[in-house]
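What's in query22.txt: compact mmCIF, C-alpha atoms
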# COMPACT_ATOMS: atom_id res chain seq x y z
CA MET U 143 0.00 0.00 0.00
CA PHE U 144 1.19 3.51 -0.81
CA PRO U 145 0.29 6.15 1.82
CA LEU U 146 -0.97 9.34 0.20
CA PHE U 147 -2.56 12.52 1.58
CA VAL U 148 -5.34 13.79 -0.69
CA ASP U 149 -7.22 17.09 -0.65
CA VAL U 150 -10.87 15.97 -0.58
CA SER U 151 -12.42 19.42 -0.18
CA ALA U 152 -13.65 19.56 -3.78
CA LYS U 153 -14.04 15.83 -4.41
CA ARG U 154 -17.44 14.12 -4.74
CA ILE U 155 -17.70 11.24 -2.28
CA VAL U 156 -20.48 8.65 -2.27
CA VAL U 157 -21.28 6.60 0.82
CA PHE U 158 -23.48 3.50 0.69
CA GLY U 159 -24.94 2.84 4.13
CA GLY U 160 -26.47 4.99 6.82
CA GLY U 161 -25.41 3.21 9.99
CA ALA U 162 -22.79 3.75 12.67
CA VAL U 163 -19.88 2.62 10.48
CA ALA U 164 -20.91 5.03 7.73
CA GLU U 165 -21.33 7.86 10.22
CA ARG U 166 -17.89 7.25 11.69
CA LYS U 167 -16.24 7.35 8.26
CA VAL U 168 -18.25 10.37 7.15
CA SER U 169 -17.18 12.17 10.30
CA ARG U 170 -13.53 11.57 9.47
CA LEU U 171 -14.01 12.80 5.92
CA LEU U 172 -15.68 15.97 7.13
CA ASP U 173 -12.85 16.53 9.61
CA ALA U 174 -10.49 16.33 6.62
CA GLY U 175 -12.42 19.06 4.81
CA ALA U 176 -14.78 17.07 2.56
CA LYS U 177 -17.72 19.17 1.38
CA GLU U 178 -19.43 17.02 -1.27
CA VAL U 179 -20.53 13.90 0.59
CA GLU U 180 -23.66 11.99 -0.45
CA VAL U 181 -25.01 9.16 1.70
CA TYR U 182 -27.40 6.56 0.24
CA SER U 183 -29.47 4.28 2.48
CA LEU U 184 -32.99 3.30 3.52
CA ASP U 185 -32.32 4.54 7.05
CA PHE U 186 -29.85 6.88 8.71
CA VAL U 187 -28.54 7.06 12.25
CA LYS U 188 -29.41 10.21 14.17
CA GLU U 189 -25.96 11.74 13.75
CA LEU U 190 -26.14 11.53 9.95
CA GLU U 191 -29.63 13.03 9.93
CA GLU U 192 -28.36 15.92 12.03
CA ARG U 193 -25.40 16.44 9.70
CA CYS U 194 -27.84 16.48 6.80
CA ARG U 195 -29.99 19.12 8.50
CA ARG U 196 -26.90 21.25 9.03
CA GLY U 197 -26.02 20.91 5.36
CA GLU U 198 -22.79 19.02 5.99
CA VAL U 199 -23.87 15.98 3.93
CA LYS U 200 -26.69 14.99 1.61
CA CYS U 201 -28.73 11.98 2.69
CA ARG U 202 -30.51 10.15 -0.16
CA ARG U 203 -33.15 7.76 1.20
CA CYS U 204 -33.58 4.83 -1.20
CA ASP U 205 -33.64 1.05 -1.66
CA LEU U 206 -30.20 0.39 -3.11
CA TRP U 207 -31.24 -2.95 -4.59
CA SER U 208 -33.50 -1.09 -7.01
CA GLN U 209 -31.16 1.80 -7.81
CA SER U 210 -28.74 2.21 -10.70
CA ILE U 211 -25.43 2.07 -8.85
CA GLU U 212 -23.65 3.07 -12.04
CA GLU U 213 -25.56 6.34 -12.22
CA ILE U 214 -25.07 7.09 -8.52
CA VAL U 215 -21.29 6.73 -8.63
CA GLU U 216 -20.78 8.51 -11.94
CA GLY U 217 -18.24 11.28 -11.41
CA ALA U 218 -17.44 10.19 -7.84
CA PHE U 219 -13.83 10.39 -6.70
CA LEU U 220 -14.32 7.98 -3.80
CA VAL U 221 -16.97 5.40 -2.91
CA LEU U 222 -17.46 3.99 0.58
CA ILE U 223 -19.38 0.70 0.85
CA CYS U 224 -20.55 0.11 4.41
CA THR U 225 -24.19 -1.00 4.60
CA ASP U 226 -25.13 -3.61 7.20
CA ASP U 227 -26.14 -6.08 4.46
CA ASP U 228 -23.17 -8.19 3.27
CA ALA U 229 -24.95 -9.32 0.11
CA LEU U 230 -25.82 -5.74 -0.78
CA ASN U 231 -22.25 -4.64 -0.15
CA GLU U 232 -20.98 -7.32 -2.54
CA PHE U 233 -23.55 -6.30 -5.15
CA ILE U 234 -22.51 -2.64 -4.94
CA PHE U 235 -18.82 -3.53 -5.04
CA GLU U 236 -19.25 -5.64 -8.18
CA CYS U 237 -21.24 -2.86 -9.85
CA VAL U 238 -18.66 -0.19 -9.06
CA SER U 239 -15.76 -2.44 -10.10
CA ALA U 240 -17.40 -3.22 -13.44
CA LYS U 241 -18.89 0.17 -14.31
CA ALA U 242 -16.53 2.64 -12.62
CA PRO U 243 -13.12 0.93 -12.48
CA ASN U 244 -11.25 4.23 -12.03
CA THR U 245 -13.21 5.23 -8.94
CA LEU U 246 -11.48 4.64 -5.62
CA VAL U 247 -13.35 2.24 -3.34
CA ASN U 248 -13.25 1.77 0.41
CA TYR U 249 -14.75 -1.62 1.21
CA ALA U 250 -13.47 -4.07 3.82
CA GLN U 251 -10.36 -5.83 2.45
CA LYS U 252 -11.49 -5.73 -1.18
CA GLY U 253 -11.28 -2.02 -1.83
CA ASP U 254 -8.21 -0.06 -2.87
CA VAL U 255 -8.50 2.66 -0.19
CA PHE U 256 -8.27 2.01 3.54
CA PHE U 257 -8.83 4.38 6.43
CA PRO U 258 -5.77 4.58 8.70
CA ALA U 259 -5.68 5.66 12.31
CA ILE U 260 -4.99 9.40 12.18
CA VAL U 261 -3.21 11.66 14.65
CA ARG U 262 -4.05 15.37 14.30
CA LYS U 263 -2.27 17.78 16.57
CA GLY U 264 -1.62 21.37 15.58
CA ASP U 265 -0.35 21.27 12.01
CA PHE U 266 0.73 17.65 12.30
CA THR U 267 -1.27 14.96 10.52
CA ILE U 268 0.11 11.45 10.95
CA ALA U 269 -1.50 8.35 9.46
CA ILE U 270 -0.93 4.89 10.95
CA SER U 271 -1.81 1.64 9.22
CA THR U 272 -1.23 -2.04 9.94
CA ASP U 273 -2.44 -3.09 6.44
CA GLY U 274 -5.65 -4.25 8.05
CA LYS U 275 -3.91 -6.75 10.33
CA SER U 276 -4.96 -5.12 13.59
CA PRO U 277 -7.06 -1.93 13.90
CA ALA U 278 -6.62 -2.22 17.68
CA MET U 279 -2.82 -2.02 17.28
CA ALA U 280 -3.18 0.97 14.97
CA ARG U 281 -5.23 2.76 17.63
CA PHE U 282 -2.66 1.83 20.28
CA VAL U 283 0.21 3.26 18.22
CA LYS U 284 -1.90 6.34 17.46
CA GLN U 285 -2.17 7.05 21.19
CA LYS U 286 1.58 6.57 21.65
CA VAL U 287 2.33 9.05 18.87
CA LEU U 288 -0.22 11.51 20.24
CA ASN U 289 1.37 11.29 23.69
CA ALA U 290 4.85 11.79 22.21
CA LEU U 291 4.00 15.03 20.39
CA CYS U 292 4.31 18.11 22.56
CA GLY U 293 4.09 21.87 22.35
CA GLU U 294 7.73 22.36 21.46
CA ASP U 295 7.28 20.12 18.39
CA GLU U 296 4.44 22.34 17.20
CA ASN U 297 6.47 25.50 17.81
CA MET U 298 9.48 24.07 15.98
CA LEU U 299 7.22 23.22 13.04
CA LEU U 300 6.02 26.83 12.89
CA LEU U 301 9.56 28.13 13.12
CA LEU U 302 10.81 25.82 10.38
CA SER U 303 7.93 26.85 8.15
CA TRP U 304 8.92 30.50 8.58
CA LEU U 305 12.64 29.71 8.21
CA ARG U 306 12.05 27.71 5.03
CA GLY U 307 10.40 30.71 3.40
CA HIS U 308 13.15 33.03 4.63
CA LEU U 309 15.91 30.78 3.26
CA LYS U 310 14.30 30.60 -0.17
CA GLU U 311 15.03 34.31 -0.49
CA ALA U 312 18.45 34.27 1.20
CA VAL U 313 19.99 31.02 -0.11
CA SER U 314 19.71 30.00 -3.76
CA ASP U 315 21.19 26.51 -3.32
CA GLU U 316 18.40 24.06 -2.41
CA LYS U 317 20.86 21.53 -0.98
CA ARG U 318 22.33 24.20 1.30
CA ARG U 319 18.86 25.23 2.49
CA ARG U 320 18.12 21.63 3.36
CA GLU U 321 21.40 21.35 5.28
CA ILE U 322 20.55 24.45 7.33
CA LEU U 323 17.07 23.21 8.20
CA ASN U 324 18.50 19.85 9.26
CA ALA U 325 21.17 21.63 11.31
CA VAL U 326 18.47 23.53 13.20
CA LEU U 327 16.54 20.32 13.84
CA SER U 328 19.69 18.56 15.04
CA SER U 329 20.74 21.39 17.32
CA VAL U 330 20.18 20.87 21.05
CA VAL U 331 20.58 24.62 21.49
CA CYS U 332 17.81 25.43 18.99
CA TRP U 333 15.45 22.99 20.67
CA GLU U 334 16.27 24.62 24.00
CA PHE U 335 15.30 28.01 22.55
CA VAL U 336 11.97 26.58 21.43
CA ARG U 337 11.41 24.81 24.72
CA THR U 338 12.19 27.65 27.10
CA GLU U 339 11.62 30.96 25.34
CA PRO U 340 8.60 32.82 23.94
CA PHE U 341 8.02 32.14 20.26
CA GLU U 342 9.33 35.48 18.93
CA ASP U 343 12.44 35.27 21.12
CA ALA U 344 13.12 31.73 19.94
CA LYS U 345 12.65 32.92 16.38
CA ARG U 346 15.29 35.64 16.83
CA ARG U 347 17.70 33.21 18.47
CA ILE U 348 17.35 30.66 15.69
CA SER U 349 17.74 33.41 13.08
CA ALA U 350 21.05 34.30 14.70
CA PHE U 351 22.03 30.62 14.75
CA VAL U 352 21.31 30.36 11.02
CA GLU U 353 23.20 33.58 10.28
CA ASP U 354 26.24 32.12 12.03
CA LEU U 355 26.01 29.04 9.81
CA LEU U 356 25.80 31.21 6.71
CA SER U 357 28.75 33.35 7.87
CA GLU U 358 30.88 30.24 8.43
CA LYS U 359 30.02 29.10 4.92
CA ARG U 360 31.01 32.47 3.47
CA VAL U 361 34.35 32.41 5.32
CA LYS U 362 35.18 28.93 4.03
CA GLU U 363 34.30 29.92 0.48
CA ALA U 364 36.53 33.01 0.75
CA GLU U 365 39.58 31.04 1.93

Would you put the structure from the file into structure tokens?
Amino acid sequence: MFPLFVDVSAKRIVVFGGGAVAERKVSRLLDAGAKEVEVYSLDFVKELEERCRRGEVKCRRCDLWSQSIEEIVEGAFLVLICTDDDALNEFIFECVSAKAPNTLVNYAQKGDVFFPAIVRKGDFTIAISTDGKSPAMARFVKQKVLNALCGEDENMLLLLSWLRGHLKEAVSDEKRRREILNAVLSSVVCWEFVRTEPFEDAKRRISAFVEDLLSEKRVKEAE
């Protein structure tokens, strides 16, 4: 499996099933910014009905056995198959596979898209997968990662984002920019700035640290 982060904000997503599993997956998609989610089912759990009333999703009440699955999924980027009827799920999967082979499908172990355990903290998004071997282990590792991330990691991320933009203007050599960013990350002193000082003070200190690195480089080139 190849892990890939995808912007789903403008992608049409079709969900077959209106139960708890569907609601849980829809919730994760909405958290990721999805705005075009359609849910097809005879019945919907309360949470999905409430999301529909708020305009977050569109709930289409129908008997899927009598619907044209091909027409429903036309133009969809992603299809989620999660009704509580195994035979219906298989029917939908076969229809999508035959009629819309280029559409991504999330369905048990047969689909080509799987939902990982996701850690979101600040600007960090970390996906954890066990290739379906143990969702419980994925959740366990998720909690370990969440516990390991702390405020100084988030502050360092913000500082590196700023520094990266600054270096693009000050240093033309991409390899050299990468070396400087790695030097900051490897520096115990820089991490101490981030850990113990207000953000703007840490920013000034790290700027000075980077300027020293650049000055050393200039001296060596002049020799």

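Here CA of Val283 (chain U) and CA of Val330 (chain U) stand 26.8 Å from one another.
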
CA of Phe186 (chain U) sits from CA of Ser239 (chain U) at a separation of 25.3 Å

* Asked: Any idea what's packed within 8 Å of Asn297 (chain U), counting only C-alpha atoms, ignoring anything in its chain fewer than 3 positions away? Could you give it as an NGL selection string?
  -> :U and (293-294 or 300-301 or 336 or 341)

For Ala174 (chain U), please output as a list in words all residues within 10 Å (counting only C-alpha atoms; exclusion window: fewer than 6 positions along the same chain).
-> Val148, Asp149, Val150, Ser151 and Val168 of chain U

### Query
Quick one: residues within 10 Å of Ile268 (chain U), only C-alpha atoms counted, chain neighbours fewer than 5 positions away excluded, as a PyMOL selection string?
chain U and resi 147+258-263+284+287-288

As a check of understanding: the span from CA of Trp304 (chain U) to CA of Asn289 (chain U) is 25.6 Å

Between U:Val331, U:Ile155, U:Val199, U:Ala176, smallest distance to Asn248 (chain U) by only C-alpha atoms belongs to U:Ile155

Name the residues in contact with Asp185 (chain U) at a cut-off of 7 Å, using only C-alpha atoms, excluding same-chain residues fewer than 2 positions from it; report them as a VMD selection string.
chain U and resid 160 183 187 203

(message) The residues within 12 Å of (-3.8, -0.1, 9.4), using only C-alpha atoms and the coordinates of the file, should be reported as a PyMOL selection string; which are they?
(response) chain U and resi 143-145+250-251+255-260+269-284

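Candidate residues U:Ser349, U:Thr245, U:Thr267, U:Asn231 were compared for distance to Val326 (chain U), and the nearest is U:Ser349, using all atoms listed in the file.
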
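Shortest separation to Asn244 (chain U) among U:Ala218, U:Ala152, U:Leu230, U:Leu291 occurs at residue U:Ala218, atoms counted being only C-alpha atoms.
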
From the structure just shown, export region 143-270 of chain U with C-alpha atoms as a PDB file, in the first residue's frame.
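Now in result_19.pdb:
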ATOM      1  CA  MET U 143       0.000   0.000   0.000  1.00  0.00           C
ATOM      2  CA  PHE U 144       1.190   3.506  -0.810  1.00  0.00           C
ATOM      3  CA  PRO U 145       0.290   6.146   1.818  1.00  0.00           C
ATOM      4  CA  LEU U 146      -0.972   9.343   0.205  1.00  0.00           C
ATOM      5  CA  PHE U 147      -2.563  12.516   1.580  1.00  0.00           C
ATOM      6  CA  VAL U 148      -5.337  13.791  -0.694  1.00  0.00           C
ATOM      7  CA  ASP U 149      -7.222  17.086  -0.648  1.00  0.00           C
ATOM      8  CA  VAL U 150     -10.873  15.970  -0.582  1.00  0.00           C
ATOM      9  CA  SER U 151     -12.424  19.415  -0.184  1.00  0.00           C
ATOM     10  CA  ALA U 152     -13.651  19.558  -3.780  1.00  0.00           C
ATOM     11  CA  LYS U 153     -14.043  15.829  -4.408  1.00  0.00           C
ATOM     12  CA  ARG U 154     -17.444  14.115  -4.741  1.00  0.00           C
ATOM     13  CA  ILE U 155     -17.696  11.240  -2.279  1.00  0.00           C
ATOM     14  CA  VAL U 156     -20.481   8.646  -2.269  1.00  0.00           C
ATOM     15  CA  VAL U 157     -21.277   6.598   0.819  1.00  0.00           C
ATOM     16  CA  PHE U 158     -23.483   3.502   0.687  1.00  0.00           C
ATOM     17  CA  GLY U 159     -24.941   2.838   4.134  1.00  0.00           C
ATOM     18  CA  GLY U 160     -26.466   4.991   6.821  1.00  0.00           C
ATOM     19  CA  GLY U 161     -25.407   3.205   9.994  1.00  0.00           C
ATOM     20  CA  ALA U 162     -22.792   3.747  12.667  1.00  0.00           C
ATOM     21  CA  VAL U 163     -19.880   2.623  10.476  1.00  0.00           C
ATOM     22  CA  ALA U 164     -20.912   5.025   7.728  1.00  0.00           C
ATOM     23  CA  GLU U 165     -21.332   7.859  10.218  1.00  0.00           C
ATOM     24  CA  ARG U 166     -17.886   7.252  11.691  1.00  0.00           C
ATOM     25  CA  LYS U 167     -16.241   7.347   8.260  1.00  0.00           C
ATOM     26  CA  VAL U 168     -18.250  10.372   7.145  1.00  0.00           C
ATOM     27  CA  SER U 169     -17.178  12.173  10.301  1.00  0.00           C
ATOM     28  CA  ARG U 170     -13.527  11.567   9.468  1.00  0.00           C
ATOM     29  CA  LEU U 171     -14.012  12.797   5.915  1.00  0.00           C
ATOM     30  CA  LEU U 172     -15.683  15.973   7.134  1.00  0.00           C
ATOM     31  CA  ASP U 173     -12.849  16.530   9.606  1.00  0.00           C
ATOM     32  CA  ALA U 174     -10.491  16.328   6.619  1.00  0.00           C
ATOM     33  CA  GLY U 175     -12.422  19.056   4.805  1.00  0.00           C
ATOM     34  CA  ALA U 176     -14.775  17.067   2.563  1.00  0.00           C
ATOM     35  CA  LYS U 177     -17.724  19.171   1.376  1.00  0.00           C
ATOM     36  CA  GLU U 178     -19.426  17.021  -1.270  1.00  0.00           C
ATOM     37  CA  VAL U 179     -20.532  13.898   0.589  1.00  0.00           C
ATOM     38  CA  GLU U 180     -23.663  11.994  -0.445  1.00  0.00           C
ATOM     39  CA  VAL U 181     -25.014   9.165   1.699  1.00  0.00           C
ATOM     40  CA  TYR U 182     -27.396   6.561   0.243  1.00  0.00           C
ATOM     41  CA  SER U 183     -29.466   4.282   2.482  1.00  0.00           C
ATOM     42  CA  LEU U 184     -32.995   3.295   3.520  1.00  0.00           C
ATOM     43  CA  ASP U 185     -32.319   4.540   7.049  1.00  0.00           C
ATOM     44  CA  PHE U 186     -29.854   6.878   8.710  1.00  0.00           C
ATOM     45  CA  VAL U 187     -28.539   7.064  12.249  1.00  0.00           C
ATOM     46  CA  LYS U 188     -29.410  10.213  14.167  1.00  0.00           C
ATOM     47  CA  GLU U 189     -25.960  11.739  13.752  1.00  0.00           C
ATOM     48  CA  LEU U 190     -26.141  11.530   9.951  1.00  0.00           C
ATOM     49  CA  GLU U 191     -29.631  13.027   9.927  1.00  0.00           C
ATOM     50  CA  GLU U 192     -28.357  15.921  12.030  1.00  0.00           C
ATOM     51  CA  ARG U 193     -25.405  16.442   9.702  1.00  0.00           C
ATOM     52  CA  CYS U 194     -27.839  16.477   6.802  1.00  0.00           C
ATOM     53  CA  ARG U 195     -29.990  19.117   8.495  1.00  0.00           C
ATOM     54  CA  ARG U 196     -26.895  21.251   9.030  1.00  0.00           C
ATOM     55  CA  GLY U 197     -26.024  20.908   5.359  1.00  0.00           C
ATOM     56  CA  GLU U 198     -22.787  19.021   5.985  1.00  0.00           C
ATOM     57  CA  VAL U 199     -23.867  15.984   3.929  1.00  0.00           C
ATOM     58  CA  LYS U 200     -26.692  14.991   1.606  1.00  0.00           C
ATOM     59  CA  CYS U 201     -28.734  11.975   2.688  1.00  0.00           C
ATOM     60  CA  ARG U 202     -30.510  10.151  -0.158  1.00  0.00           C
ATOM     61  CA  ARG U 203     -33.147   7.762   1.200  1.00  0.00           C
ATOM     62  CA  CYS U 204     -33.579   4.827  -1.197  1.00  0.00           C
ATOM     63  CA  ASP U 205     -33.637   1.054  -1.659  1.00  0.00           C
ATOM     64  CA  LEU U 206     -30.204   0.393  -3.113  1.00  0.00           C
ATOM     65  CA  TRP U 207     -31.240  -2.952  -4.594  1.00  0.00           C
ATOM     66  CA  SER U 208     -33.500  -1.092  -7.007  1.00  0.00           C
ATOM     67  CA  GLN U 209     -31.160   1.799  -7.812  1.00  0.00           C
ATOM     68  CA  SER U 210     -28.735   2.213 -10.704  1.00  0.00           C
ATOM     69  CA  ILE U 211     -25.430   2.074  -8.850  1.00  0.00           C
ATOM     70  CA  GLU U 212     -23.646   3.072 -12.044  1.00  0.00           C
ATOM     71  CA  GLU U 213     -25.563   6.344 -12.218  1.00  0.00           C
ATOM     72  CA  ILE U 214     -25.075   7.090  -8.517  1.00  0.00           C
ATOM     73  CA  VAL U 215     -21.287   6.730  -8.628  1.00  0.00           C
ATOM     74  CA  GLU U 216     -20.782   8.511 -11.941  1.00  0.00           C
ATOM     75  CA  GLY U 217     -18.243  11.276 -11.409  1.00  0.00           C
ATOM     76  CA  ALA U 218     -17.436  10.194  -7.843  1.00  0.00           C
ATOM     77  CA  PHE U 219     -13.830  10.390  -6.699  1.00  0.00           C
ATOM     78  CA  LEU U 220     -14.318   7.984  -3.796  1.00  0.00           C
ATOM     79  CA  VAL U 221     -16.973   5.401  -2.910  1.00  0.00           C
ATOM     80  CA  LEU U 222     -17.462   3.987   0.581  1.00  0.00           C
ATOM     81  CA  ILE U 223     -19.384   0.703   0.853  1.00  0.00           C
ATOM     82  CA  CYS U 224     -20.554   0.113   4.414  1.00  0.00           C
ATOM     83  CA  THR U 225     -24.192  -1.003   4.599  1.00  0.00           C
ATOM     84  CA  ASP U 226     -25.134  -3.608   7.203  1.00  0.00           C
ATOM     85  CA  ASP U 227     -26.137  -6.077   4.461  1.00  0.00           C
ATOM     86  CA  ASP U 228     -23.173  -8.187   3.271  1.00  0.00           C
ATOM     87  CA  ALA U 229     -24.949  -9.324   0.111  1.00  0.00           C
ATOM     88  CA  LEU U 230     -25.821  -5.736  -0.778  1.00  0.00           C
ATOM     89  CA  ASN U 231     -22.252  -4.640  -0.151  1.00  0.00           C
ATOM     90  CA  GLU U 232     -20.981  -7.321  -2.545  1.00  0.00           C
ATOM     91  CA  PHE U 233     -23.548  -6.296  -5.152  1.00  0.00           C
ATOM     92  CA  ILE U 234     -22.508  -2.640  -4.935  1.00  0.00           C
ATOM     93  CA  PHE U 235     -18.818  -3.527  -5.043  1.00  0.00           C
ATOM     94  CA  GLU U 236     -19.254  -5.643  -8.178  1.00  0.00           C
ATOM     95  CA  CYS U 237     -21.241  -2.864  -9.855  1.00  0.00           C
ATOM     96  CA  VAL U 238     -18.662  -0.193  -9.056  1.00  0.00           C
ATOM     97  CA  SER U 239     -15.758  -2.442 -10.100  1.00  0.00           C
ATOM     98  CA  ALA U 240     -17.395  -3.218 -13.435  1.00  0.00           C
ATOM     99  CA  LYS U 241     -18.891   0.166 -14.306  1.00  0.00           C
ATOM    100  CA  ALA U 242     -16.532   2.637 -12.619  1.00  0.00           C
ATOM    101  CA  PRO U 243     -13.120   0.935 -12.479  1.00  0.00           C
ATOM    102  CA  ASN U 244     -11.247   4.228 -12.033  1.00  0.00           C
ATOM    103  CA  THR U 245     -13.211   5.233  -8.938  1.00  0.00           C
ATOM    104  CA  LEU U 246     -11.480   4.644  -5.618  1.00  0.00           C
ATOM    105  CA  VAL U 247     -13.351   2.245  -3.339  1.00  0.00           C
ATOM    106  CA  ASN U 248     -13.245   1.772   0.414  1.00  0.00           C
ATOM    107  CA  TYR U 249     -14.753  -1.623   1.212  1.00  0.00           C
ATOM    108  CA  ALA U 250     -13.470  -4.071   3.824  1.00  0.00           C
ATOM    109  CA  GLN U 251     -10.356  -5.826   2.455  1.00  0.00           C
ATOM    110  CA  LYS U 252     -11.485  -5.727  -1.179  1.00  0.00           C
ATOM    111  CA  GLY U 253     -11.276  -2.017  -1.826  1.00  0.00           C
ATOM    112  CA  ASP U 254      -8.211  -0.056  -2.869  1.00  0.00           C
ATOM    113  CA  VAL U 255      -8.497   2.659  -0.194  1.00  0.00           C
ATOM    114  CA  PHE U 256      -8.268   2.006   3.541  1.00  0.00           C
ATOM    115  CA  PHE U 257      -8.830   4.383   6.434  1.00  0.00           C
ATOM    116  CA  PRO U 258      -5.765   4.581   8.704  1.00  0.00           C
ATOM    117  CA  ALA U 259      -5.678   5.660  12.313  1.00  0.00           C
ATOM    118  CA  ILE U 260      -4.993   9.403  12.181  1.00  0.00           C
ATOM    119  CA  VAL U 261      -3.211  11.660  14.649  1.00  0.00           C
ATOM    120  CA  ARG U 262      -4.051  15.365  14.305  1.00  0.00           C
ATOM    121  CA  LYS U 263      -2.271  17.784  16.572  1.00  0.00           C
ATOM    122  CA  GLY U 264      -1.622  21.371  15.584  1.00  0.00           C
ATOM    123  CA  ASP U 265      -0.349  21.274  12.008  1.00  0.00           C
ATOM    124  CA  PHE U 266       0.734  17.648  12.298  1.00  0.00           C
ATOM    125  CA  THR U 267      -1.266  14.959  10.521  1.00  0.00           C
ATOM    126  CA  ILE U 268       0.114  11.451  10.951  1.00  0.00           C
ATOM    127  CA  ALA U 269      -1.495   8.353   9.458  1.00  0.00           C
ATOM    128  CA  ILE U 270      -0.933   4.893  10.953  1.00  0.00           C
TER     129      ILE U 270
END
